[in-house]
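Data from structure_34.cif: mmCIF, C-alpha atoms
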data_run
#
loop_
_atom_site.group_PDB
_atom_site.id
_atom_site.type_symbol
_atom_site.label_atom_id
_atom_site.label_comp_id
_atom_site.auth_asym_id
_atom_site.auth_seq_id
_atom_site.Cartn_x
_atom_site.Cartn_y
_atom_site.Cartn_z
ATOM 1 C CA MET A 1 75.224 -5.619 -15.819
ATOM 2 C CA GLY A 2 73.057 -3.005 -17.488
ATOM 3 C CA SER A 3 70.363 -4.312 -19.816
ATOM 4 C CA GLY A 4 69.299 -0.988 -21.325
ATOM 5 C CA HIS A 5 65.635 -1.496 -20.385
ATOM 6 C CA ASP A 6 63.334 1.534 -20.289
ATOM 7 C CA HIS A 7 61.840 1.065 -16.824
ATOM 8 C CA SER A 8 59.693 4.191 -17.034
ATOM 9 C CA HIS A 9 58.066 2.776 -20.151
ATOM 10 C CA GLY A 10 57.517 -0.499 -18.316
ATOM 11 C CA ALA A 11 55.835 1.313 -15.431
ATOM 12 C CA ALA A 12 53.554 3.169 -17.862
ATOM 13 C CA GLY A 13 52.646 -0.157 -19.489
ATOM 14 C CA ALA A 14 51.834 -1.721 -16.124
ATOM 15 C CA ALA A 15 49.662 1.269 -15.194
ATOM 16 C CA SER A 16 47.798 0.938 -18.497
ATOM 17 C CA GLN A 17 47.236 -2.767 -17.857
ATOM 18 C CA ARG A 18 45.919 -1.986 -14.388
ATOM 19 C CA GLY A 19 43.413 0.499 -15.829
ATOM 20 C CA LYS A 20 42.137 -2.094 -18.284
ATOM 21 C CA LEU A 21 41.759 -4.669 -15.524
ATOM 22 C CA VAL A 22 39.720 -2.206 -13.417
ATOM 23 C CA ILE A 23 37.265 -1.692 -16.304
ATOM 24 C CA VAL A 24 36.928 -5.397 -17.090
ATOM 25 C CA PHE A 25 36.557 -6.312 -13.410
ATOM 26 C CA GLY A 26 33.642 -3.875 -13.090
ATOM 27 C CA ILE A 27 31.945 -5.240 -16.216
ATOM 28 C CA THR A 28 32.461 -8.883 -15.241
ATOM 29 C CA PHE A 29 31.150 -8.357 -11.722
ATOM 30 C CA ALA A 30 28.037 -6.578 -13.028
ATOM 31 C CA VAL A 31 27.294 -9.327 -15.562
ATOM 32 C CA MET A 32 27.826 -11.967 -12.861
ATOM 33 C CA VAL A 33 25.175 -10.340 -10.666
ATOM 34 C CA ALA A 34 22.781 -10.151 -13.627
ATOM 35 C CA GLU A 35 23.290 -13.848 -14.449
ATOM 36 C CA ILE A 36 22.738 -14.922 -10.836
ATOM 37 C CA ILE A 37 19.421 -13.053 -10.908
ATOM 38 C CA GLY A 38 18.632 -14.678 -14.267
ATOM 39 C CA SER A 39 19.438 -18.152 -12.947
ATOM 40 C CA VAL A 40 17.088 -17.651 -9.979
ATOM 41 C CA LEU A 41 14.295 -16.408 -12.249
ATOM 42 C CA THR A 42 14.664 -19.105 -14.930
ATOM 43 C CA GLY A 43 16.120 -22.116 -13.091
ATOM 44 C CA SER A 44 18.888 -22.367 -15.734
ATOM 45 C CA LEU A 45 22.067 -24.263 -14.805
ATOM 46 C CA ALA A 46 23.814 -22.779 -17.831
ATOM 47 C CA LEU A 47 23.231 -19.260 -16.485
ATOM 48 C CA LEU A 48 24.278 -20.359 -13.003
ATOM 49 C CA ALA A 49 27.382 -22.051 -14.440
ATOM 50 C CA ASP A 50 28.272 -18.932 -16.390
ATOM 51 C CA ALA A 51 27.627 -16.817 -13.287
ATOM 52 C CA GLY A 52 29.831 -19.168 -11.258
ATOM 53 C CA HIS A 53 32.486 -18.889 -13.940
ATOM 54 C CA MET A 54 32.199 -15.120 -13.813
ATOM 55 C CA PHE A 55 32.386 -15.154 -10.021
ATOM 56 C CA THR A 56 35.678 -17.018 -10.319
ATOM 57 C CA ASP A 57 36.753 -14.656 -13.076
ATOM 58 C CA SER A 58 35.888 -11.641 -10.913
ATOM 59 C CA ALA A 59 38.064 -13.069 -8.143
ATOM 60 C CA GLY A 60 40.789 -13.871 -10.676
ATOM 61 C CA LEU A 61 40.622 -10.398 -12.184
ATOM 62 C CA LEU A 62 40.833 -8.886 -8.710
ATOM 63 C CA ILE A 63 43.954 -10.986 -8.077
ATOM 64 C CA ALA A 64 45.323 -9.861 -11.457
ATOM 65 C CA LEU A 65 44.559 -6.251 -10.550
ATOM 66 C CA ILE A 66 46.450 -6.587 -7.269
ATOM 67 C CA ALA A 67 49.365 -8.221 -9.120
ATOM 68 C CA ALA A 68 49.416 -5.423 -11.730
ATOM 69 C CA SER A 69 49.534 -2.878 -8.897
ATOM 70 C CA LEU A 70 52.378 -4.745 -7.181
ATOM 71 C CA ALA A 71 54.279 -4.820 -10.481
ATOM 72 C CA LEU A 72 54.527 -1.026 -10.293
ATOM 73 C CA LYS A 73 56.564 -1.250 -7.087
ATOM 74 C CA PRO A 74 60.305 -0.744 -7.671
ATOM 75 C CA ALA A 75 63.010 -3.270 -6.887
ATOM 76 C CA THR A 76 64.581 -3.097 -3.433
ATOM 77 C CA LEU A 77 67.630 -4.579 -1.728
ATOM 78 C CA LYS A 78 65.303 -7.228 -0.278
ATOM 79 C CA ARG A 79 63.358 -7.909 -3.501
ATOM 80 C CA THR A 80 65.872 -7.288 -6.261
ATOM 81 C CA TRP A 81 63.375 -8.163 -9.019
ATOM 82 C CA GLY A 82 60.593 -6.141 -7.408
ATOM 83 C CA TYR A 83 57.281 -7.999 -7.607
ATOM 84 C CA LYS A 84 57.645 -9.389 -11.128
ATOM 85 C CA ARG A 85 56.671 -12.888 -9.994
ATOM 86 C CA ALA A 86 53.405 -11.637 -8.434
ATOM 87 C CA GLU A 87 51.664 -11.913 -11.815
ATOM 88 C CA ILE A 88 52.770 -15.528 -12.152
ATOM 89 C CA ILE A 89 51.366 -16.400 -8.733
ATOM 90 C CA ALA A 90 48.146 -14.538 -9.581
ATOM 91 C CA ALA A 91 47.750 -16.390 -12.884
ATOM 92 C CA ALA A 92 48.353 -19.749 -11.163
ATOM 93 C CA GLY A 93 45.681 -18.886 -8.597
ATOM 94 C CA GLN A 94 43.223 -17.977 -11.350
ATOM 95 C CA ALA A 95 43.917 -21.272 -13.125
ATOM 96 C CA ALA A 96 43.288 -23.285 -9.957
ATOM 97 C CA LEU A 97 39.993 -21.486 -9.326
ATOM 98 C CA LEU A 98 38.868 -21.992 -12.927
ATOM 99 C CA LEU A 99 39.676 -25.693 -12.744
ATOM 100 C CA GLY A 100 37.382 -26.100 -9.736
ATOM 101 C CA VAL A 101 34.542 -24.279 -11.488
ATOM 102 C CA GLY A 102 34.936 -26.403 -14.617
ATOM 103 C CA GLY A 103 34.758 -29.619 -12.587
ATOM 104 C CA PHE A 104 31.593 -28.503 -10.763
ATOM 105 C CA VAL A 105 29.838 -27.504 -13.992
ATOM 106 C CA ILE A 106 30.581 -30.849 -15.650
ATOM 107 C CA VAL A 107 29.361 -32.907 -12.673
ATOM 108 C CA GLU A 108 26.151 -30.871 -12.295
ATOM 109 C CA GLY A 109 25.564 -30.867 -16.061
ATOM 110 C CA ILE A 110 25.724 -34.671 -16.199
ATOM 111 C CA ARG A 111 23.236 -34.896 -13.309
ATOM 112 C CA ARG A 112 20.808 -32.581 -15.085
ATOM 113 C CA LEU A 113 20.924 -34.652 -18.260
ATOM 114 C CA PHE A 114 19.110 -37.359 -16.295
ATOM 115 C CA GLU A 115 16.949 -35.006 -14.203
ATOM 116 C CA PRO A 116 16.164 -31.972 -16.369
ATOM 117 C CA PRO A 117 14.313 -29.190 -14.484
ATOM 118 C CA GLU A 118 11.871 -26.668 -15.925
ATOM 119 C CA ILE A 119 13.668 -23.774 -17.631
ATOM 120 C CA GLY A 120 12.316 -20.351 -18.633
ATOM 121 C CA GLY A 121 13.801 -20.135 -22.125
ATOM 122 C CA SER A 122 12.707 -16.624 -23.164
ATOM 123 C CA THR A 123 13.922 -14.948 -19.967
ATOM 124 C CA MET A 124 17.160 -16.981 -20.129
ATOM 125 C CA LEU A 125 17.737 -15.599 -23.646
ATOM 126 C CA TRP A 126 17.735 -11.978 -22.487
ATOM 127 C CA PHE A 127 20.204 -12.665 -19.698
ATOM 128 C CA GLY A 128 22.426 -14.517 -22.172
ATOM 129 C CA ILE A 129 22.443 -11.454 -24.427
ATOM 130 C CA ILE A 130 23.326 -9.198 -21.483
ATOM 131 C CA GLY A 131 26.236 -11.534 -20.640
ATOM 132 C CA LEU A 132 27.519 -11.583 -24.223
ATOM 133 C CA ALA A 133 27.381 -7.779 -24.492
ATOM 134 C CA GLY A 134 29.412 -7.384 -21.294
ATOM 135 C CA ASN A 135 31.949 -9.987 -22.420
ATOM 136 C CA ALA A 136 32.340 -8.313 -25.817
ATOM 137 C CA ILE A 137 33.204 -4.989 -24.163
ATOM 138 C CA GLY A 138 35.697 -6.754 -21.878
ATOM 139 C CA LEU A 139 37.393 -8.468 -24.839
ATOM 140 C CA ILE A 140 37.759 -5.160 -26.690
ATOM 141 C CA VAL A 141 39.356 -3.565 -23.615
ATOM 142 C CA LEU A 142 41.835 -6.432 -23.078
ATOM 143 C CA ALA A 143 42.608 -7.317 -26.725
ATOM 144 C CA SER A 144 45.619 -5.019 -27.165
ATOM 145 C CA GLY A 145 47.353 -6.140 -23.941
ATOM 146 C CA ARG A 146 46.695 -9.877 -23.950
ATOM 147 C CA ASN A 147 50.232 -10.825 -25.067
ATOM 148 C CA HIS A 148 52.088 -8.571 -22.586
ATOM 149 C CA ASN A 149 52.291 -11.122 -19.756
ATOM 150 C CA PHE A 150 50.702 -14.210 -18.187
ATOM 151 C CA ASN A 151 48.444 -12.044 -16.053
ATOM 152 C CA MET A 152 46.826 -10.215 -18.978
ATOM 153 C CA LYS A 153 46.677 -13.431 -20.992
ATOM 154 C CA ALA A 154 44.844 -15.162 -18.135
ATOM 155 C CA ALA A 155 42.362 -12.291 -17.874
ATOM 156 C CA PHE A 156 41.734 -12.279 -21.642
ATOM 157 C CA LEU A 157 41.191 -16.063 -21.722
ATOM 158 C CA GLU A 158 38.742 -15.851 -18.831
ATOM 159 C CA VAL A 159 36.638 -13.198 -20.582
ATOM 160 C CA LEU A 160 36.865 -15.120 -23.876
ATOM 161 C CA ASN A 161 35.599 -18.259 -22.151
ATOM 162 C CA ASP A 162 32.764 -16.217 -20.652
ATOM 163 C CA ALA A 163 31.851 -14.862 -24.098
ATOM 164 C CA LEU A 164 31.727 -18.367 -25.572
ATOM 165 C CA GLY A 165 29.666 -19.457 -22.582
ATOM 166 C CA SER A 166 27.217 -16.599 -23.179
ATOM 167 C CA VAL A 167 26.868 -17.617 -26.830
ATOM 168 C CA ALA A 168 26.116 -21.165 -25.716
ATOM 169 C CA VAL A 169 23.532 -19.891 -23.196
ATOM 170 C CA ILE A 170 21.801 -17.932 -25.975
ATOM 171 C CA VAL A 171 21.714 -21.001 -28.238
ATOM 172 C CA ALA A 172 20.278 -23.146 -25.423
ATOM 173 C CA ALA A 173 17.657 -20.511 -24.632
ATOM 174 C CA VAL A 174 16.532 -20.390 -28.262
ATOM 175 C CA VAL A 175 16.321 -24.214 -28.424
ATOM 176 C CA ILE A 176 14.301 -24.374 -25.187
ATOM 177 C CA ALA A 177 11.976 -21.558 -26.277
ATOM 178 C CA LEU A 178 11.310 -23.133 -29.687
ATOM 179 C CA THR A 179 11.237 -26.855 -28.833
ATOM 180 C CA GLY A 180 10.796 -27.149 -25.064
ATOM 181 C CA TRP A 181 13.842 -29.506 -24.886
ATOM 182 C CA THR A 182 15.174 -28.458 -21.467
ATOM 183 C CA ARG A 183 18.169 -30.804 -21.621
ATOM 184 C CA ALA A 184 19.754 -28.195 -23.912
ATOM 185 C CA ASP A 185 20.555 -26.288 -20.720
ATOM 186 C CA ALA A 186 22.570 -29.241 -19.341
ATOM 187 C CA VAL A 187 24.297 -29.802 -22.694
ATOM 188 C CA VAL A 188 25.382 -26.159 -22.797
ATOM 189 C CA SER A 189 26.611 -26.403 -19.201
ATOM 190 C CA LEU A 190 28.840 -29.328 -20.199
ATOM 191 C CA LEU A 191 30.106 -27.290 -23.172
ATOM 192 C CA ILE A 192 31.022 -24.398 -20.856
ATOM 193 C CA GLY A 193 32.922 -26.845 -18.628
ATOM 194 C CA ALA A 194 34.716 -28.236 -21.684
ATOM 195 C CA LEU A 195 35.740 -24.703 -22.684
ATOM 196 C CA ILE A 196 37.096 -23.918 -19.236
ATOM 197 C CA ILE A 197 39.276 -26.938 -18.476
ATOM 198 C CA PRO A 198 41.745 -27.300 -21.438
ATOM 199 C CA ARG A 199 42.805 -23.644 -21.426
ATOM 200 C CA THR A 200 43.013 -23.712 -17.655
ATOM 201 C CA LEU A 201 45.320 -26.741 -17.694
ATOM 202 C CA LYS A 202 47.620 -25.020 -20.217
ATOM 203 C CA LEU A 203 47.796 -21.857 -18.137
ATOM 204 C CA LEU A 204 48.437 -23.905 -15.001
ATOM 205 C CA ARG A 205 51.249 -25.770 -16.784
ATOM 206 C CA ASP A 206 52.864 -22.543 -18.023
ATOM 207 C CA THR A 207 52.761 -20.844 -14.637
ATOM 208 C CA THR A 208 53.995 -23.981 -12.847
ATOM 209 C CA ASP A 209 56.951 -24.091 -15.235
ATOM 210 C CA VAL A 210 57.898 -20.552 -14.186
ATOM 211 C CA LEU A 211 57.506 -21.291 -10.469
ATOM 212 C CA MET A 212 59.601 -24.452 -10.883
ATOM 213 C CA GLU A 213 62.222 -22.337 -12.726
ATOM 214 C CA SER A 214 62.060 -24.497 -15.840
ATOM 215 C CA VAL A 215 63.975 -23.372 -18.924
ATOM 216 C CA PRO A 216 61.861 -20.812 -20.867
ATOM 217 C CA ARG A 217 59.937 -22.319 -23.784
ATOM 218 C CA GLY A 218 61.778 -21.724 -27.042
ATOM 219 C CA LEU A 219 65.233 -21.591 -25.446
ATOM 220 C CA ASP A 220 67.379 -24.667 -26.155
ATOM 221 C CA LEU A 221 70.183 -24.818 -23.581
ATOM 222 C CA GLY A 222 71.973 -27.415 -25.695
ATOM 223 C CA LYS A 223 72.313 -24.879 -28.509
ATOM 224 C CA VAL A 224 73.272 -22.170 -26.031
ATOM 225 C CA ARG A 225 76.077 -24.399 -24.787
ATOM 226 C CA GLU A 226 77.243 -25.064 -28.374
ATOM 227 C CA HIS A 227 77.349 -21.328 -29.168
ATOM 228 C CA ILE A 228 79.304 -20.548 -26.015
ATOM 229 C CA LEU A 229 81.832 -23.323 -26.653
ATOM 230 C CA ALA A 230 82.298 -22.069 -30.232
ATOM 231 C CA LEU A 231 83.549 -18.677 -29.005
ATOM 232 C CA PRO A 232 87.333 -18.109 -29.243
ATOM 233 C CA HIS A 233 89.375 -18.995 -26.140
ATOM 234 C CA VAL A 234 86.424 -20.745 -24.399
ATOM 235 C CA ILE A 235 87.367 -24.193 -23.052
ATOM 236 C CA ASP A 236 84.285 -25.272 -21.136
ATOM 237 C CA VAL A 237 80.895 -24.132 -19.784
ATOM 238 C CA HIS A 238 79.189 -25.537 -16.698
ATOM 239 C CA ASP A 239 76.518 -24.610 -14.132
ATOM 240 C CA LEU A 240 74.401 -23.379 -17.048
ATOM 241 C CA HIS A 241 70.909 -22.346 -15.858
ATOM 242 C CA ALA A 242 67.997 -20.443 -17.401
ATOM 243 C CA SER A 243 64.564 -19.537 -16.045
ATOM 244 C CA LEU A 244 61.842 -16.855 -16.091
ATOM 245 C CA VAL A 245 61.461 -14.301 -13.308
ATOM 246 C CA GLY A 246 58.162 -13.190 -14.876
ATOM 247 C CA SER A 247 56.626 -12.813 -18.318
ATOM 248 C CA GLY A 248 59.188 -11.377 -20.712
ATOM 249 C CA THR A 249 62.022 -11.560 -18.179
ATOM 250 C CA PRO A 250 64.204 -14.608 -18.951
ATOM 251 C CA VAL A 251 67.464 -14.882 -17.013
ATOM 252 C CA LEU A 252 70.543 -17.015 -17.656
ATOM 253 C CA SER A 253 73.739 -17.745 -15.741
ATOM 254 C CA ALA A 254 76.794 -19.888 -16.389
ATOM 255 C CA HIS A 255 80.400 -20.522 -15.398
ATOM 256 C CA VAL A 256 82.616 -20.189 -18.472
ATOM 257 C CA THR A 257 86.169 -21.552 -18.440
ATOM 258 C CA VAL A 258 88.668 -19.752 -20.667
ATOM 259 C CA GLN A 259 92.342 -20.162 -21.471
ATOM 260 C CA ASP A 260 94.557 -18.923 -18.659
ATOM 261 C CA PRO A 261 96.281 -16.101 -20.640
ATOM 262 C CA CYS A 262 92.840 -14.471 -21.225
ATOM 263 C CA MET A 263 92.729 -13.433 -17.585
ATOM 264 C CA ARG A 264 95.909 -11.374 -18.071
ATOM 265 C CA ASP A 265 95.840 -10.061 -21.636
ATOM 266 C CA GLY A 266 92.398 -8.412 -21.623
ATOM 267 C CA HIS A 267 90.561 -11.113 -23.592
ATOM 268 C CA ALA A 268 88.262 -11.845 -20.627
ATOM 269 C CA ALA A 269 86.345 -8.571 -21.117
ATOM 270 C CA THR A 270 85.917 -9.276 -24.834
ATOM 271 C CA ILE A 271 84.691 -12.801 -24.122
ATOM 272 C CA LEU A 272 82.169 -11.490 -21.596
ATOM 273 C CA ALA A 273 80.784 -9.013 -24.142
ATOM 274 C CA ASP A 274 80.573 -11.800 -26.755
ATOM 275 C CA LEU A 275 78.719 -14.052 -24.316
ATOM 276 C CA GLN A 276 76.159 -11.379 -23.476
ATOM 277 C CA HIS A 277 75.624 -10.570 -27.154
ATOM 278 C CA CYS A 278 75.298 -14.277 -27.965
ATOM 279 C CA VAL A 279 72.422 -15.007 -25.574
ATOM 280 C CA ALA A 280 70.692 -11.697 -26.338
ATOM 281 C CA GLU A 281 70.729 -12.013 -30.135
ATOM 282 C CA HIS A 282 71.197 -15.569 -31.411
ATOM 283 C CA PHE A 283 68.109 -17.358 -30.106
ATOM 284 C CA ASP A 284 64.319 -17.184 -30.399
ATOM 285 C CA VAL A 285 64.176 -16.133 -26.730
ATOM 286 C CA SER A 286 66.277 -13.000 -26.195
ATOM 287 C CA VAL A 287 68.023 -13.122 -22.801
ATOM 288 C CA GLU A 288 69.085 -9.608 -21.814
ATOM 289 C CA HIS A 289 69.573 -10.466 -18.122
ATOM 290 C CA SER A 290 72.605 -12.777 -18.148
ATOM 291 C CA THR A 291 75.337 -13.429 -15.590
ATOM 292 C CA PHE A 292 78.609 -15.128 -16.519
ATOM 293 C CA GLN A 293 81.442 -16.124 -14.224
ATOM 294 C CA ILE A 294 84.660 -16.158 -16.242
ATOM 295 C CA GLU A 295 87.153 -18.712 -14.869
ATOM 296 C CA PRO A 296 90.704 -19.640 -15.869
ATOM 297 C CA ALA A 297 91.442 -23.271 -16.662
ATOM 298 C CA ALA A 298 93.486 -23.530 -13.453
ATOM 299 C CA HIS A 299 90.378 -22.678 -11.429
ATOM 300 C CA ARG A 300 88.421 -25.453 -13.158
ATOM 301 C CA ASP A 301 91.139 -27.922 -12.225
ATOM 302 C CA GLN A 302 90.871 -26.815 -8.580
ATOM 303 C CA GLU A 303 87.083 -27.256 -8.607
ATOM 304 C CA SER A 304 87.430 -30.806 -9.893
ATOM 305 C CA MET A 305 89.806 -31.774 -7.062
ATOM 306 C CA PRO A 306 88.208 -33.722 -4.176
ATOM 307 C CA HIS A 307 87.637 -31.668 -1.006
#
I'd like the structure from this file rewritten - as structure tokens, please.
Amino acid sequence: MGSGHDHSHGAAGAASQRGKLVIVFGITFAVMVAEIIGSVLTGSLALLADAGHMFTDSAGLLIALIAASLALKPATLKRTWGYKRAEIIAAAGQAALLLGVGGFVIVEGIRRLFEPPEIGGSTMLWFGIIGLAGNAIGLIVLASGRNHNFNMKAAFLEVLNDALGSVAVIVAAVVIALTGWTRADAVVSLLIGALIIPRTLKLLRDTTDVLMESVPRGLDLGKVREHILALPHVIDVHDLHASLVGSGTPVLSAHVTVQDPCMRDGHAATILADLQHCVAEHFDVSVEHSTFQIEPAAHRDQESMPH
């Protein structure tokens, strides 16, 4: 069935997203290199943790960039949805990488609370400022596209986490420079780890739901069933399924049993149109890609017979 989507507009949007990811990848990679240098010069775990986070983010953004490029490829007879699910796989990969980084930072931060090393606070401050400036530019670039799909959302969250981490690094550097309390570096490292993990777990849950073909959040199949059964001439609905192919692409299918005369008097076409309108308009999640198999009651009786 035709959904009336403007695919050329979608391609332009994907190209725009790819351009943004290229810019942010370049910025993130440059800041990562600067923070690695800063960590070597100052001995700061917080800078190293933020650099490690940015290394993971650079890899994640590269994955996101590849996924955004794949999304521009058209559908084929072999891949009828094109590469829409590539961004889900990319976002899941980013989440897994981030989770590993968060765990390392927390373990190392706890160790440094008991064995605090010498930290160069003033030098650490300048590298923290450099990191924050780079993150701020990245956030501005990604802000307008962060709700377009999981891929862009993952990239935005990664840069946001980096920005918060840079703020924490700056605070720790000021504390160390003014008081000499070097454990501030370990405390900030633990804070960075705490910022990484909760958002990562949520993103991992959301992407896993898509890969497991769970019902899209906000779509109640019980209510969908009630609406379908309330349509004139509909007797039953079964094999009702809904899932996401990718961000913004929910799909739904069902077998709908109608009164036998509908298959002869033209009502079947009207019922099909009503079904498509129902799932596209009546719920919080609009399903424009729907497939319905219209069956007469006699066919249902045959299906229920033992084979």
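Comparing the minimum interatomic distances between Thr207 (chain A) and each of A:Ile88, A:Val22, A:Val187, A:Ala154, counting all atoms listed in the file, we find that A:Ile88 sits nearest.
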(message) Can you tell me which residues surround region 228-235 of chain A at a distance of at most 8 Å, considering all atoms listed in the file, apart from same-chain residues fewer than 3 positions away, and format the answer as JSON, numbers by chain?
(response) {"A": [224, 225, 256, 257, 258, 259, 262, 271, 274, 275, 278, 297]}
(request) Name the residues that the PyMOL selection byres ((chain A and resi 177) around 12) picks from the file above, as a ChimeraX atom specification, using the file's chain letters and numbers. (result) /A:42,118-126,170-176,178-182,184-185
(request) Tell me which residues the PyMOL selection byres ((chain A and resi 157) around 10) grabs here, as an MDAnalysis selection string. (result) chainID A and resid 57 139 142 146 152:156 158:163 196 199:200 203
(request) Decode the PyMOL selection byres ((chain A and resi 193) around 6) for the given file into explicit residues and return them as a ChimeraX atom specification. (result) /A:102,105-106,190-192,194-196
(message) Report, in Å to a single decimal, how far apart CA of Leu62 (chain A) and CA of Glu35 (chain A) are.
(response)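 Computed distance, CA of Glu35 (chain A) to CA of Leu62 (chain A), equals 19.1 Å.
Note that CA of Ala95 (chain A) and CA of Lys202 (chain A) are 8.8 Å apart.
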For Ser286 (chain A), list every protein, DNA or RNA residue within 12 Å, evaluated using all atoms listed in the file, and leave out those in the same chain fewer than 4 positions away; present the list as a compact mmCIF listing (two decimals) with C-alpha atoms, keeping the file's coordinate frame.
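Dumped to selection.txt:
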# COMPACT_ATOMS: atom_id res chain seq x y z
CA SER A 3 70.36 -4.31 -19.82
CA PRO A 216 61.86 -20.81 -20.87
CA ARG A 217 59.94 -22.32 -23.78
CA GLY A 218 61.78 -21.72 -27.04
CA LEU A 219 65.23 -21.59 -25.45
CA ASP A 220 67.38 -24.67 -26.16
CA VAL A 224 73.27 -22.17 -26.03
CA ALA A 242 68.00 -20.44 -17.40
CA LEU A 244 61.84 -16.86 -16.09
CA GLY A 248 59.19 -11.38 -20.71
CA THR A 249 62.02 -11.56 -18.18
CA PRO A 250 64.20 -14.61 -18.95
CA VAL A 251 67.46 -14.88 -17.01
CA LEU A 252 70.54 -17.02 -17.66
CA GLN A 276 76.16 -11.38 -23.48
CA HIS A 277 75.62 -10.57 -27.15
CA CYS A 278 75.30 -14.28 -27.96
CA VAL A 279 72.42 -15.01 -25.57
CA ALA A 280 70.69 -11.70 -26.34
CA GLU A 281 70.73 -12.01 -30.14
CA HIS A 282 71.20 -15.57 -31.41
CA SER A 290 72.60 -12.78 -18.15
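Counting from CA of Glu87 (chain A), the distance to CA of Ala254 (chain A) is 26.8 Å.
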(request) Tell me, as an MDAnalysis selection string, which residues lie within 10 Å of Phe29 (chain A), counting only C-alpha atoms; anything in the same chain fewer than 4 positions away does not count. (result) chainID A and resid 24:25 33:35 51 54:59 61 134
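Ranking A:Leu204, A:Ile36, A:Ala273, A:Ile27 by their shortest atom-to-atom distance to Ala96 (chain A), with all atoms listed in the file included, puts A:Leu204 first.
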Provide an axis-aligned box for all listed atoms of region 111-129 of chain A, padding each side by 6 Å; report its centre and its edge lengths in Å to one decimal, as lines of an AutoDock Vina configuration file.
center_x = 17.6
center_y = -24.4
center_z = -18.9
size_x = 23.4
size_y = 37.9
size_z = 23.1
(message) Considering only C-alpha atoms, can you say which of A:Ser166, A:Thr80, A:Gln94, A:Asn135 comes closest to Ala49 (chain A)?
(response) A:Ser166
Please complete region 31-42 of chain A with N, CA, C and O atoms and give it back as a short mmCIF file (atom, residue, chain, number, x, y, z; two decimals), in the coordinates of the input.
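Wrote result.cif, looks like this:
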data_model
loop_
_atom_site.label_atom_id
_atom_site.label_comp_id
_atom_site.auth_asym_id
_atom_site.auth_seq_id
_atom_site.Cartn_x
_atom_site.Cartn_y
_atom_site.Cartn_z
N VAL A 31 27.93 -8.25 -14.79
CA VAL A 31 27.29 -9.33 -15.56
C VAL A 31 27.05 -10.54 -14.68
O VAL A 31 26.02 -11.22 -14.79
N MET A 32 27.99 -10.84 -13.78
CA MET A 32 27.83 -11.97 -12.86
C MET A 32 26.56 -11.80 -12.01
O MET A 32 25.76 -12.73 -11.87
N VAL A 33 26.37 -10.61 -11.47
CA VAL A 33 25.18 -10.34 -10.67
C VAL A 33 23.92 -10.52 -11.50
O VAL A 33 22.93 -11.13 -11.05
N ALA A 34 23.94 -10.02 -12.74
CA ALA A 34 22.78 -10.15 -13.63
C ALA A 34 22.48 -11.62 -13.90
O ALA A 34 21.30 -12.04 -13.92
N GLU A 35 23.52 -12.43 -14.13
CA GLU A 35 23.29 -13.85 -14.45
C GLU A 35 22.81 -14.64 -13.23
O GLU A 35 22.05 -15.60 -13.38
N ILE A 36 23.25 -14.27 -12.05
CA ILE A 36 22.74 -14.92 -10.84
C ILE A 36 21.23 -14.66 -10.71
O ILE A 36 20.45 -15.57 -10.43
N ILE A 37 20.84 -13.41 -10.94
CA ILE A 37 19.42 -13.05 -10.91
C ILE A 37 18.67 -13.85 -11.98
O ILE A 37 17.59 -14.40 -11.73
N GLY A 38 19.26 -13.94 -13.18
CA GLY A 38 18.63 -14.68 -14.27
C GLY A 38 18.49 -16.16 -13.96
O GLY A 38 17.48 -16.78 -14.29
N SER A 39 19.49 -16.73 -13.31
CA SER A 39 19.44 -18.15 -12.95
C SER A 39 18.32 -18.43 -11.95
O SER A 39 17.60 -19.42 -12.05
N VAL A 40 18.15 -17.51 -10.98
CA VAL A 40 17.09 -17.65 -9.98
C VAL A 40 15.72 -17.55 -10.64
O VAL A 40 14.79 -18.33 -10.35
N LEU A 41 15.59 -16.63 -11.59
CA LEU A 41 14.30 -16.41 -12.25
C LEU A 41 13.93 -17.53 -13.22
O LEU A 41 12.75 -17.85 -13.39
N THR A 42 14.94 -18.12 -13.88
CA THR A 42 14.66 -19.10 -14.93
C THR A 42 14.93 -20.55 -14.52
O THR A 42 14.44 -21.48 -15.16
#
